[in-house]
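One structure below.
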Amino acid sequence: MKDFREFITEEISKETKKLTELLVDTVYSHYIDKHNENSIECVGWMDGNENSLLRFQKIYEGGIGNDDSILDVGCGVAHLHTFLTNQGWNGKYLGFDPNKKAIDLIDENINAMHGTIEDLDNWGEWNKFDWAIANGVFNLGLQEDHSFSIIENMISHANKGIIFNMLQAPYSDD
């Protein structure tokens with residue numbers, strides 16, 4: 001039987017997952033509808049392809065080996081997978097995103113799922129990775145405790161480490 005703390009933690013996690021999916025769909029679905037999936041704009045990155053490549057390069061320089069496994073938290077349309085593959089990387093990859101429209105655009109040969117990091121416990125072999133990466137997911141206005149929860153989950157699913165960035169949202173208020 002679950003104690004009260006376990007029950008509350010589980011209920012908060014369920015509510016957080018629902019709110020995350022709603023927030024992501026609200027913010028990002030119109031980008032997917034407006035832009036081609038090969039463009040960085042389809043995931044709301046409006047600061048140019050050069051900046052996007054620089055972010056990917058910095059992630060790659062974080063120590064990712066060519067055979068390392070990658071968990072891509074908030075993968076969008078899996079642009080990180082494409083970038084890593086172009087660098088000679090050939091490890092195991094799982095991307096996930098709460099935006100179903102984005103997941104539906106990903107090539108069927110790339111492992112990706114619709115959902116949030118809380119869903120990973122149900123994926124068996126897809127539970128541990130060398131690296132957990134979150135690129136541009138903490139700019140949505142998530143509550144601080146939710147961001148910390150995502151980072152803690154990333155740590156629990158990573159063998160070597162986590163890599164994430166804190167981007168300014170492409171919105172008028174800072």
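Chains: A, B, ... in order of the structure tokens. Residues: from 1 per chain. Ligands: from 1, in order shown.
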Do you have, as CSV, the list of residues of region 48-89 of chain A lying at most 12 Å from region 106-109 of chain A, each with its nearest atom pair and that distance in Å to one decimal, counting only C-alpha atoms and ordered by chain then number?
residue,atom,partner,partner_atom,distance
A:Cys75,CA,A:Ile106,CA,9.7
A:Gly76,CA,A:Ile106,CA,8.5
A:Val77,CA,A:Ile106,CA,5.3
A:Ala78,CA,A:Ile106,CA,6.5
A:His79,CA,A:Ile106,CA,9.2
A:Leu80,CA,A:Ile106,CA,11.6
A:His81,CA,A:Ile106,CA,10.3
A:Thr82,CA,A:Asp107,CA,10.4
Write a file of the just-selected residues containing C-alpha atoms, as a CSV table (one decimal), in the first residue's frame.
chain,number,residue,atom,x,y,z
A,75,CYS,CA,13.0,16.1,-29.0
A,76,GLY,CA,10.6,18.1,-31.2
A,77,VAL,CA,11.1,16.6,-34.7
A,78,ALA,CA,14.5,14.9,-33.8
A,79,HIS,CA,16.8,17.5,-35.3
A,80,LEU,CA,19.4,16.5,-32.7
A,81,HIS,CA,19.4,12.9,-34.1
A,82,THR,CA,20.1,14.3,-37.6
### Query
If we count only C-alpha atoms, what is near region 147-162 of chain A at a cut-off of 8 Å, once residues fewer than 4 positions away on the same chain are taken out, given as a PyMOL selection string?
chain A and resi 117-118+127-133+138+142-143
### Query
Quick one: residues within 12 Å of Gly88 (chain A), only C-alpha atoms counted, chain neighbours fewer than 6 positions away excluded, as number ranges by chain?
A: 60, 64-68, 81-82
